[in-house]
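Everything below belongs to protein-v9.txt, which stores compact mmCIF, C-alpha atoms.
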# COMPACT_ATOMS: atom_id res chain seq x y z
CA MET K 1 133.01 71.83 150.90
CA ILE K 2 133.39 68.09 150.89
CA THR K 3 133.96 66.71 154.37
CA LYS K 4 136.77 64.34 155.31
CA ARG K 5 135.45 60.80 155.48
CA ILE K 6 135.94 58.27 158.26
CA ILE K 7 135.56 54.72 157.05
CA PRO K 8 135.48 51.58 159.19
CA CYS K 9 136.43 48.41 157.39
CA LEU K 10 134.73 45.11 158.24
CA ASP K 11 136.28 41.76 157.35
CA VAL K 12 133.57 39.18 156.75
CA LYS K 13 134.22 35.46 156.88
CA ASN K 14 131.41 32.96 156.36
CA GLY K 15 128.86 35.69 156.92
CA ARG K 16 130.33 36.92 160.22
CA VAL K 17 132.53 39.90 161.02
CA VAL K 18 135.91 38.82 162.32
CA LYS K 19 137.88 40.79 164.91
CA GLY K 20 134.92 42.48 166.62
CA VAL K 21 134.76 42.99 170.36
CA ASN K 22 132.08 44.26 172.70
CA PHE K 23 130.37 47.58 172.35
CA GLU K 24 127.91 49.06 174.73
CA GLY K 25 124.42 48.40 173.47
CA LEU K 26 125.50 45.99 170.80
CA ASN K 27 124.84 42.35 171.58
CA ASP K 28 126.30 40.57 168.61
CA VAL K 29 129.49 42.21 167.41
CA SER K 30 130.09 39.62 164.74
CA ASP K 31 126.74 40.24 163.08
CA PRO K 32 127.57 42.42 160.05
CA VAL K 33 124.15 44.05 159.99
CA SER K 34 124.22 45.09 163.66
CA LEU K 35 127.78 46.33 163.46
CA ALA K 36 127.14 48.25 160.25
CA ALA K 37 124.07 49.90 161.80
CA TYR K 38 126.09 50.75 164.90
CA TYR K 39 128.81 52.44 162.88
CA SER K 40 126.31 54.23 160.69
CA ASP K 41 124.43 55.55 163.74
CA TRP K 42 127.67 56.83 165.23
CA GLY K 43 128.75 58.76 162.18
CA ALA K 44 130.70 56.49 159.84
CA ASP K 45 130.66 58.18 156.42
CA GLU K 46 131.00 55.00 154.46
CA LEU K 47 131.53 51.31 155.14
CA VAL K 48 133.94 48.89 153.54
CA PHE K 49 133.19 45.19 153.56
CA TYR K 50 135.96 42.78 152.74
CA ASP K 51 134.97 39.26 151.89
CA ILE K 52 137.77 37.09 153.22
CA THR K 53 136.11 33.75 152.57
CA ALA K 54 137.46 31.53 149.87
CA SER K 55 134.63 29.03 149.45
CA ALA K 56 131.64 29.32 147.16
CA GLU K 57 129.29 28.88 150.14
CA GLY K 58 131.03 31.72 151.93
CA ARG K 59 130.65 33.89 148.86
CA GLN K 60 126.90 33.23 148.78
CA LEU K 61 126.61 34.03 152.49
CA PHE K 62 128.51 37.25 151.86
CA THR K 63 126.14 38.47 149.17
CA ASP K 64 123.14 37.57 151.34
CA ILE K 65 124.65 39.62 154.16
CA LEU K 66 125.45 42.48 151.84
CA ARG K 67 121.88 42.60 150.59
CA GLU K 68 120.62 42.72 154.15
CA VAL K 69 123.06 45.48 155.12
CA ALA K 70 122.16 47.53 152.03
CA SER K 71 118.45 47.26 152.77
CA LYS K 72 118.91 48.74 156.25
CA ILE K 73 121.92 51.04 156.14
CA PHE K 74 121.74 54.03 153.86
CA ILE K 75 125.31 55.27 153.50
CA PRO K 76 127.77 54.39 150.72
CA LEU K 77 129.01 50.81 150.80
CA THR K 78 132.24 49.61 149.25
CA VAL K 79 132.90 45.94 148.74
CA GLY K 80 136.21 44.21 148.23
CA GLY K 81 137.74 40.76 148.41
CA GLY K 82 137.59 38.17 145.67
CA ILE K 83 136.83 40.67 142.90
CA ASN K 84 138.41 39.21 139.78
CA THR K 85 135.90 39.62 136.97
CA LEU K 86 133.11 41.88 135.75
CA ASP K 87 130.71 39.20 136.98
CA ASP K 88 132.07 39.78 140.48
CA PHE K 89 131.33 43.49 140.10
CA ASP K 90 127.86 42.66 138.93
CA ARG K 91 127.24 40.26 141.77
CA VAL K 92 128.01 42.77 144.54
CA LEU K 93 126.53 45.84 142.83
CA LYS K 94 123.20 44.02 142.48
CA CYS K 95 123.21 43.43 146.23
CA GLY K 96 123.48 47.12 146.99
CA ALA K 97 127.21 47.93 146.89
CA ASP K 98 128.00 51.41 145.55
CA LYS K 99 131.69 50.93 144.90
CA VAL K 100 133.85 47.91 144.30
CA SER K 101 137.42 47.68 145.46
CA VAL K 102 139.96 45.72 143.42
CA ASN K 103 143.42 44.66 144.52
CA SER K 104 144.89 41.28 143.52
CA GLY K 105 142.29 40.97 140.75
CA ALA K 106 143.67 44.11 139.12
CA ILE K 107 147.26 42.92 139.55
CA ARG K 108 146.39 39.68 137.75
CA ASN K 109 144.40 41.46 135.06
CA PRO K 110 144.85 45.26 134.95
CA LEU K 111 142.24 45.52 132.18
CA LEU K 112 139.63 44.67 134.82
CA VAL K 113 139.94 48.28 136.02
CA GLU K 114 139.36 49.67 132.55
CA GLU K 115 136.47 47.36 131.69
CA ALA K 116 134.73 47.95 135.01
CA ALA K 117 135.16 51.74 134.78
CA LYS K 118 133.66 51.72 131.30
CA LYS K 119 130.73 49.60 132.34
CA TYR K 120 129.92 51.06 135.77
CA GLY K 121 131.63 54.46 135.76
CA ASP K 122 134.90 55.62 137.32
CA GLN K 123 133.23 56.46 140.61
CA CYS K 124 132.41 52.80 141.08
CA VAL K 125 135.96 51.45 140.80
CA VAL K 126 138.24 51.73 143.82
CA LEU K 127 141.86 50.64 143.49
CA SER K 128 143.18 49.21 146.73
CA ALA K 129 146.97 48.93 146.85
CA ASP K 130 149.06 47.22 149.54
CA ILE K 131 152.39 48.99 149.47
CA LYS K 132 155.70 48.31 151.18
CA ARG K 133 159.13 49.87 150.88
CA VAL K 134 161.60 47.49 149.27
CA ASP K 135 165.14 48.87 148.99
CA GLY K 136 163.67 52.31 149.56
CA LYS K 137 161.15 51.97 146.72
CA PHE K 138 157.36 51.90 147.14
CA THR K 139 156.46 48.42 145.92
CA VAL K 140 153.06 46.84 145.29
CA PHE K 141 152.28 43.60 147.09
CA GLY K 142 149.53 41.18 146.08
CA LYS K 143 147.63 38.34 147.73
CA GLY K 144 146.85 40.20 150.93
CA GLY K 145 150.36 41.63 151.22
CA ARG K 146 152.13 38.28 150.94
CA GLU K 147 153.49 38.51 147.41
CA ASN K 148 156.00 41.03 146.09
CA THR K 149 154.85 41.93 142.58
CA GLY K 150 158.02 43.93 141.90
CA MET K 151 155.88 46.78 140.56
CA GLU K 152 156.68 50.34 141.56
CA ALA K 153 153.61 51.59 143.44
CA ILE K 154 153.26 55.14 142.16
CA GLU K 155 153.47 54.00 138.54
CA TRP K 156 150.95 51.26 139.23
CA ILE K 157 148.50 53.68 140.82
CA LYS K 158 148.91 56.19 137.98
CA ARG K 159 148.29 53.45 135.45
CA CYS K 160 145.10 52.28 137.20
CA VAL K 161 143.78 55.82 137.61
CA GLY K 162 144.53 56.37 133.92
CA MET K 163 142.37 53.33 133.17
CA GLY K 164 139.50 54.71 135.22
CA ALA K 165 139.97 53.91 138.92
CA GLY K 166 137.99 56.70 140.61
CA GLU K 167 139.51 56.41 144.05
CA VAL K 168 142.64 54.90 145.61
CA VAL K 169 143.02 53.19 148.98
CA VAL K 170 146.67 53.34 150.01
CA ASN K 171 147.40 50.65 152.54
CA SER K 172 150.91 50.93 153.91
CA ILE K 173 152.20 47.53 154.94
CA ASP K 174 155.06 49.33 156.69
CA THR K 175 152.77 51.15 159.11
CA ASP K 176 149.90 48.64 159.25
CA GLY K 177 149.37 47.21 162.72
CA VAL K 178 152.14 49.35 164.24
CA LYS K 179 149.65 51.99 165.45
CA GLN K 180 152.20 54.79 165.20
CA GLY K 181 150.22 56.82 162.68
CA PHE K 182 149.47 56.78 158.96
CA ASP K 183 152.25 56.61 156.38
CA LEU K 184 152.30 60.31 155.51
CA GLU K 185 155.30 60.08 153.21
CA MET K 186 153.68 57.37 151.11
CA LEU K 187 150.32 59.15 151.06
CA SER K 188 151.84 62.44 149.94
CA ALA K 189 153.69 60.67 147.13
CA VAL K 190 150.37 59.22 145.91
CA CYS K 191 148.54 62.57 146.27
CA ASP K 192 151.32 64.19 144.18
CA ALA K 193 150.75 61.63 141.43
CA VAL K 194 146.97 61.39 140.99
CA LYS K 195 143.93 63.67 141.04
CA VAL K 196 141.35 61.28 142.44
CA PRO K 197 140.38 60.89 146.11
CA VAL K 198 143.08 59.13 148.17
CA ILE K 199 142.07 57.10 151.21
CA ALA K 200 144.65 56.48 153.93
CA SER K 201 144.84 53.04 155.48
CA GLY K 202 147.27 51.38 157.87
CA GLY K 203 148.77 52.74 161.04
CA ALA K 204 145.99 54.52 162.91
CA GLY K 205 146.40 53.98 166.63
CA GLY K 206 144.38 56.85 168.02
CA ILE K 207 142.44 60.02 167.34
CA ASP K 208 145.60 62.12 167.05
CA HIS K 209 146.76 60.11 164.07
CA PHE K 210 143.68 61.17 162.09
CA THR K 211 144.14 64.82 163.07
CA GLU K 212 147.78 64.60 162.02
CA LEU K 213 146.80 62.95 158.72
CA PHE K 214 144.35 65.63 157.61
CA LYS K 215 146.45 68.52 158.97
CA LYS K 216 149.72 67.42 157.38
CA ASP K 217 148.25 66.50 154.02
CA PRO K 218 144.84 68.10 153.44
CA ARG K 219 144.70 66.42 150.02
CA VAL K 220 143.92 63.07 151.68
CA SER K 221 140.14 62.53 151.42
CA ALA K 222 139.49 59.86 153.99
CA GLY K 223 140.90 57.72 156.77
CA LEU K 224 140.15 54.01 156.90
CA ALA K 225 140.72 51.72 159.85
CA ALA K 226 139.51 48.42 161.23
CA SER K 227 140.76 47.23 164.60
CA ILE K 228 140.82 50.55 166.46
CA PHE K 229 137.13 50.95 165.69
CA HIS K 230 136.20 47.31 166.25
CA PHE K 231 138.06 47.15 169.56
CA GLY K 232 136.43 50.38 170.66
CA GLU K 233 139.76 52.16 171.14
CA VAL K 234 138.48 54.99 169.00
CA LYS K 235 134.81 55.89 168.83
CA ILE K 236 133.92 57.46 165.51
CA HIS K 237 131.71 60.07 167.11
CA ASP K 238 134.53 61.25 169.42
CA LEU K 239 137.00 61.18 166.56
CA LYS K 240 134.84 63.40 164.39
CA LYS K 241 134.20 65.84 167.22
CA GLU K 242 137.94 66.14 167.78
CA LEU K 243 138.61 66.65 164.06
CA SER K 244 135.96 69.35 163.97
CA LYS K 245 137.58 71.07 166.98
CA ASN K 246 140.79 71.13 164.95
CA ASP K 247 139.02 72.91 162.08
CA ILE K 248 138.90 69.80 159.92
CA LEU K 249 135.59 69.65 158.08
CA VAL K 250 133.58 66.55 158.98
CA ARG K 251 129.94 65.49 158.90
CA LEU K 252 128.67 65.56 162.47
CA MET N 1 101.65 54.16 145.45
CA ILE N 2 105.03 55.56 144.39
CA ALA N 3 106.34 54.48 141.00
CA VAL N 4 110.13 54.31 140.73
CA ILE N 5 110.75 54.48 137.00
CA ASP N 6 112.76 51.51 135.77
CA TYR N 7 114.20 52.28 132.35
CA GLY N 8 117.36 50.22 132.54
CA VAL N 9 119.58 52.87 134.06
CA GLY N 10 121.37 52.21 137.32
CA ASN N 11 120.81 50.20 140.39
CA LEU N 12 117.52 50.74 142.17
CA PHE N 13 118.11 48.44 145.13
CA SER N 14 119.12 51.09 147.68
CA LEU N 15 116.51 53.59 146.53
CA CYS N 16 113.70 51.07 146.89
CA SER N 17 115.01 49.83 150.22
CA SER N 18 115.16 53.37 151.58
CA LEU N 19 111.64 54.17 150.39
CA LYS N 20 110.32 51.00 152.01
CA TYR N 21 112.23 51.95 155.14
CA VAL N 22 110.28 55.22 155.42
CA GLY N 23 107.05 53.28 154.95
CA ALA N 24 106.31 54.03 151.30
CA ASP N 25 104.33 51.73 149.04
CA VAL N 26 106.89 51.36 146.23
CA VAL N 27 106.61 49.78 142.80
CA VAL N 28 109.61 49.61 140.47
CA THR N 29 108.20 49.74 137.00
CA GLY N 30 108.67 50.72 133.39
CA ASP N 31 105.04 49.91 132.56
CA PRO N 32 103.13 53.03 131.41
CA GLU N 33 99.83 51.61 132.69
CA VAL N 34 101.24 51.25 136.20
CA ILE N 35 102.96 54.64 136.11
CA LYS N 36 99.64 56.26 135.12
CA THR N 37 98.04 55.02 138.34
CA ALA N 38 100.90 56.16 140.61
CA ASP N 39 100.21 59.07 142.94
CA LYS N 40 103.91 59.94 143.03
CA ILE N 41 106.76 59.33 140.63
CA ILE N 42 110.49 59.06 141.22
CA LEU N 43 112.88 59.31 138.29
CA PRO N 44 116.27 57.86 139.29
CA GLY N 45 119.36 57.56 137.11
CA VAL N 46 123.12 57.24 136.98
CA GLY N 47 125.46 57.21 134.00
CA ALA N 48 125.55 59.30 130.84
CA PHE N 49 122.80 61.81 129.99
CA GLU N 50 122.35 60.97 126.32
CA ASP N 51 122.06 57.23 126.88
CA ALA N 52 119.58 57.68 129.73
CA ARG N 53 117.53 60.22 127.80
CA LYS N 54 117.25 57.85 124.83
CA LYS N 55 116.23 54.94 127.02
CA LEU N 56 113.57 57.09 128.67
CA ALA N 57 112.22 58.13 125.27
CA ALA N 58 112.31 54.60 123.85
CA ASN N 59 108.92 53.58 125.18
CA GLY N 60 107.39 57.02 125.51
CA LEU N 61 108.07 57.26 129.22
CA ASP N 62 109.42 60.79 128.80
CA GLU N 63 106.09 62.09 127.44
CA LEU N 64 104.16 60.16 130.07
CA ILE N 65 106.23 61.66 132.89
CA LYS N 66 105.65 65.13 131.49
CA GLN N 67 101.90 64.50 131.30
CA ARG N 68 101.72 63.21 134.85
CA ALA N 69 103.80 66.14 136.14
CA ALA N 70 101.50 68.55 134.29
CA ALA N 71 98.54 66.81 135.94
CA GLY N 72 100.01 67.70 139.33
CA VAL N 73 101.53 64.35 140.33
CA PRO N 74 104.55 64.96 142.60
CA LEU N 75 107.71 64.02 140.70
CA LEU N 76 111.20 63.64 142.17
CA GLY N 77 114.28 63.34 139.98
CA ILE N 78 117.43 62.01 141.63
CA CYS N 79 121.01 62.61 140.36
CA LEU N 80 120.88 62.05 136.59
CA GLY N 81 117.09 61.82 136.96
CA MET N 82 117.19 65.37 138.33
CA GLN N 83 119.42 66.56 135.51
CA MET N 84 116.90 65.24 132.98
CA LEU N 85 114.22 67.56 134.39
CA PHE N 86 116.03 70.57 132.89
CA GLU N 87 115.79 72.02 129.39
CA GLU N 88 119.10 70.70 128.12
CA SER N 89 122.40 69.06 129.03
CA HIS N 90 125.85 69.82 127.66
CA GLU N 91 127.31 66.42 128.50
CA TYR N 92 129.12 65.22 125.34
CA GLY N 93 127.11 67.43 122.98
CA VAL N 94 123.85 69.23 123.60
CA HIS N 95 120.86 67.06 124.45
CA LYS N 96 117.29 68.04 125.19
CA GLY N 97 115.94 67.33 128.65
CA LEU N 98 112.32 67.06 129.77
CA GLY N 99 112.06 70.84 130.15
CA LEU N 100 110.12 70.69 133.41
CA ILE N 101 112.54 73.06 135.13
CA LYS N 102 114.24 76.07 133.58
CA GLY N 103 118.01 75.71 133.33
CA ARG N 104 120.73 73.62 131.75
CA VAL N 105 123.22 71.01 132.87
CA ILE N 106 126.91 71.82 132.36
CA ALA N 107 130.33 70.38 133.26
CA MET N 108 131.96 71.30 136.56
CA LYS N 109 135.36 71.14 134.92
CA GLY N 110 136.39 74.66 133.94
CA LYS N 111 133.92 76.20 136.40
CA ILE N 112 135.33 75.00 139.71
CA PRO N 113 138.92 75.68 140.87
CA GLU N 114 141.45 73.34 139.24
CA THR N 115 142.64 72.08 142.60
CA LEU N 116 139.29 70.37 143.22
CA ASP N 117 138.64 66.84 141.96
CA VAL N 118 135.88 65.93 139.53
CA PRO N 119 133.60 64.09 140.22
CA HIS N 120 132.33 66.03 143.19
CA MET N 121 132.12 62.99 145.44
CA GLY N 122 131.39 62.77 149.13
CA TRP N 123 129.37 64.41 151.88
CA ASN N 124 128.66 68.10 151.51
CA ALA N 125 126.50 70.51 153.52
CA LEU N 126 123.23 71.97 152.23
CA LYS N 127 122.63 75.70 152.11
CA PHE N 128 118.95 76.58 151.79
CA HIS N 129 117.80 79.17 149.25
CA ASN N 130 114.05 78.84 149.40
CA PRO N 131 111.76 76.97 151.76
CA SER N 132 110.55 73.65 150.42
CA PRO N 133 108.33 70.89 151.78
CA LEU N 134 111.22 68.54 150.92
CA PHE N 135 113.16 70.02 153.84
CA LYS N 136 110.39 69.61 156.39
CA TYR N 137 112.43 67.20 158.54
CA ILE N 138 115.98 68.46 157.97
CA THR N 139 117.92 71.60 158.86
CA GLU N 140 120.32 73.83 156.95
CA GLY N 141 123.90 72.59 157.20
CA ASP N 142 122.92 68.92 157.12
CA CYS N 143 125.22 66.86 154.90
CA VAL N 144 124.15 64.74 151.94
CA TYR N 145 126.09 62.41 149.64
CA PHE N 146 127.03 63.53 146.12
CA VAL N 147 128.61 61.76 143.14
CA HIS N 148 128.50 63.80 139.92
CA SER N 149 130.60 65.60 137.30
CA TYR N 150 127.90 67.86 135.78
CA TYR N 151 125.60 70.31 137.53
CA ALA N 152 122.52 72.42 136.85
CA ASP N 153 123.08 76.07 136.02
CA GLY N 154 120.74 78.99 135.33
CA CYS N 155 118.00 77.58 137.55
CA GLU N 156 117.87 80.37 140.16
CA GLN N 157 114.07 80.48 140.08
CA SER N 158 113.73 76.89 141.22
CA LEU N 159 116.87 76.60 143.38
CA ILE N 160 116.01 75.43 146.89
CA ALA N 161 119.45 74.24 148.09
CA SER N 162 123.08 74.43 147.03
CA SER N 163 126.40 73.05 148.26
CA GLU N 164 129.76 74.77 148.16
CA TYR N 165 132.44 73.17 145.98
CA GLY N 166 134.64 76.06 144.96
CA ILE N 167 131.45 77.56 143.57
CA PRO N 168 127.84 77.05 144.66
CA ILE N 169 126.65 73.77 143.14
CA THR N 170 122.92 73.20 142.61
CA ALA N 171 121.90 70.57 145.15
CA ALA N 172 118.09 70.62 145.01
CA VAL N 173 115.40 72.31 142.96
CA GLN N 174 111.64 72.63 143.03
CA ASN N 175 109.16 73.93 140.49
CA GLY N 176 105.70 73.40 141.93
CA ASN N 177 105.13 69.65 142.15
CA VAL N 178 108.41 68.85 140.36
CA TYR N 179 111.40 68.24 142.66
CA GLY N 180 115.01 67.33 142.01
CA CYS N 181 118.00 66.27 144.11
CA GLN N 182 121.50 66.20 142.66
CA PHE N 183 122.66 64.18 145.67
CA HIS N 184 121.60 60.65 146.56
CA PRO N 185 119.02 60.75 149.39
CA GLU N 186 119.12 56.93 149.47
CA LYS N 187 122.82 57.14 150.45
CA SER N 188 122.62 60.17 152.73
CA GLY N 189 121.84 58.47 156.03
CA ASN N 190 119.02 59.83 158.19
CA VAL N 191 119.05 63.18 156.41
CA GLY N 192 118.35 61.44 153.11
CA LEU N 193 115.65 59.26 154.62
CA ASN N 194 113.99 62.38 156.01
CA ILE N 195 114.00 64.00 152.58
CA LEU N 196 112.39 60.90 151.05
CA LYS N 197 109.86 60.78 153.89
CA ALA N 198 108.94 64.42 153.24
CA PHE N 199 108.49 63.72 149.52
CA CYS N 200 106.32 60.68 150.26
CA GLU N 201 104.02 62.91 152.30
CA ARG N 202 103.37 65.27 149.37
Kindly present the structure from the file in structure tokens form.
Amino acid sequence: MITKRIIPCLDVKNGRVVKGVNFEGLNDVSDPVSLAAYYSDWGADELVFYDITASAEGRQLFTDILREVASKIFIPLTVGGGINTLDDFDRVLKCGADKVSVNSGAIRNPLLVEEAAKKYGDQCVVLSADIKRVDGKFTVFGKGGRENTGMEAIEWIKRCVGMGAGEVVVNSIDTDGVKQGFDLEMLSAVCDAVKVPVIASGGAGGIDHFTELFKKDPRVSAGLAASIFHFGEVKIHDLKKELSKNDILVRL
Amino acid sequence: MIAVIDYGVGNLFSLCSSLKYVGADVVVTGDPEVIKTADKIILPGVGAFEDARKKLAANGLDELIKQRAAAGVPLLGICLGMQMLFEESHEYGVHKGLGLIKGRVIAMKGKIPETLDVPHMGWNALKFHNPSPLFKYITEGDCVYFVHSYYADGCEQSLIASSEYGIPITAAVQNGNVYGCQFHPEKSGNVGLNILKAFCER
């Protein structure tokens, strides 16, 4: 059977990874290629690169970096950040990305999801949604979680999956950064609504939170995190060993 | 020299990078003259069967690949490239494949339990059925990366590995010098690189 995936997410600004700290045996933690290789060697099932630069020069640096990563690391790569048009899809896919994650770009123009799915296949289009409870309702936020779109999240996700999004990253703003565990209630609501892989993001503070995630809702396909991996609080290899001990199927 | 067939289907960047990584002399080409001189051929592919099959036939590459395979040149089909090795595909109608391996390609939907998602996407473990030189550097139980909605059926004679997804799904096949992987070795980490390395040594 398909194994549960563990996915570190790397934010890249001007060609460097932000937020990295020191790892044993890794000299330059802000070098995307070294960090990607490190994660790959230690069992990451997939890598997500977010381009958080705004400038055109930064964008060029990002694609150069991506090409270098893709020529040395042979696991699936997802790219997000600044994806607004089919040309943006084209740009990153040509550099070796396997999947492209859309967020604000899809909010601005939902047809982007449909057009991209038609052109590159559903499996290539990942919908990333930043979701926060507003008056008890799951609400979609845009622009990196700063802007309330007023859209109900489950409806939004269903609509995008209907247009061809092949996978959904659910990032709970409510649990993000709190490190008290993933937002199981939100994730279950999404799993109830769609039949594509759902990736949990936001809230992981330790190994137990991943065990809890996959035990409580086995429909969740993957766990994504950034800082706990970058700061070395959780080592992917240890995490996967622990999941395996708890009878959760992982690639070791 | 290994010829990776370029017929306008899919992204060959990762495949070429991974072949170079294992030390292969790779040429990406759609030129029949170059393909004729290759001592190994890789047929990649993603997307829809019918479209890919037509593109492959457009400049006679399908017949050339068959000729080279018949002449004993090791041939590896990957993902859709593997599916094209079979006799026919039932993806949106019935379409003829290259007929190099006995069997047909059918939809997973309706065959696998309804609770499982299609496409079959992610890392899944290999179960070996028959020994193959392709597996020289890997062991049973190793995981490889899949993304597909159709699978090969009725190919028991050439089945060398399967993966469990509600039912056994054909993962790799071999008929003499003709090999096929449903999964993506170029996205399957060290296990995938080791499969490519083993093919390059044929």
Within 6 Å of chain K: each chain N residue with its shortest pair, only C-alpha atoms, as JSON lines:
{"residue": "N:Phe13", "atom": "CA", "partner": "K:Gly96", "partner_atom": "CA", "distance": 5.8}
{"residue": "N:Ser14", "atom": "CA", "partner": "K:Gly96", "partner_atom": "CA", "distance": 5.9}
{"residue": "N:Ser17", "atom": "CA", "partner": "K:Ser71", "partner_atom": "CA", "distance": 5.0}
{"residue": "N:Gly122", "atom": "CA", "partner": "K:Ile2", "partner_atom": "CA", "distance": 5.9}
{"residue": "N:Trp123", "atom": "CA", "partner": "K:Ile2", "partner_atom": "CA", "distance": 5.5}
{"residue": "N:Asn124", "atom": "CA", "partner": "K:Ile2", "partner_atom": "CA", "distance": 4.8}
{"residue": "N:Glu164", "atom": "CA", "partner": "K:Met1", "partner_atom": "CA", "distance": 5.2}
{"residue": "N:Tyr165", "atom": "CA", "partner": "K:Met1", "partner_atom": "CA", "distance": 5.1}
{"residue": "N:Glu186", "atom": "CA", "partner": "K:Phe74", "partner_atom": "CA", "distance": 5.9}
{"residue": "N:Lys187", "atom": "CA", "partner": "K:Ile75", "partner_atom": "CA", "distance": 4.4}
{"residue": "N:Ser188", "atom": "CA", "partner": "K:Ile75", "partner_atom": "CA", "distance": 5.6}
{"residue": "N:Gly189", "atom": "CA", "partner": "K:Phe74", "partner_atom": "CA", "distance": 4.9}
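Separating CA of Thr29 (chain N) from CA of Val9 (chain N) is a distance of 12.2 Å.
Taking CA of Ser158 (chain N) and CA of Glu114 (chain N) as the two end points, the separation is 28.0 Å.
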Checklist entry - So which one's closest to Lys55 (chain N), N:Pro131, N:Pro119, N:Gly176, N:Gly30? Using all atoms listed in the file, please. => result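 Checking each candidate against Lys55 (chain N), we get N:Gly30 as the closest.
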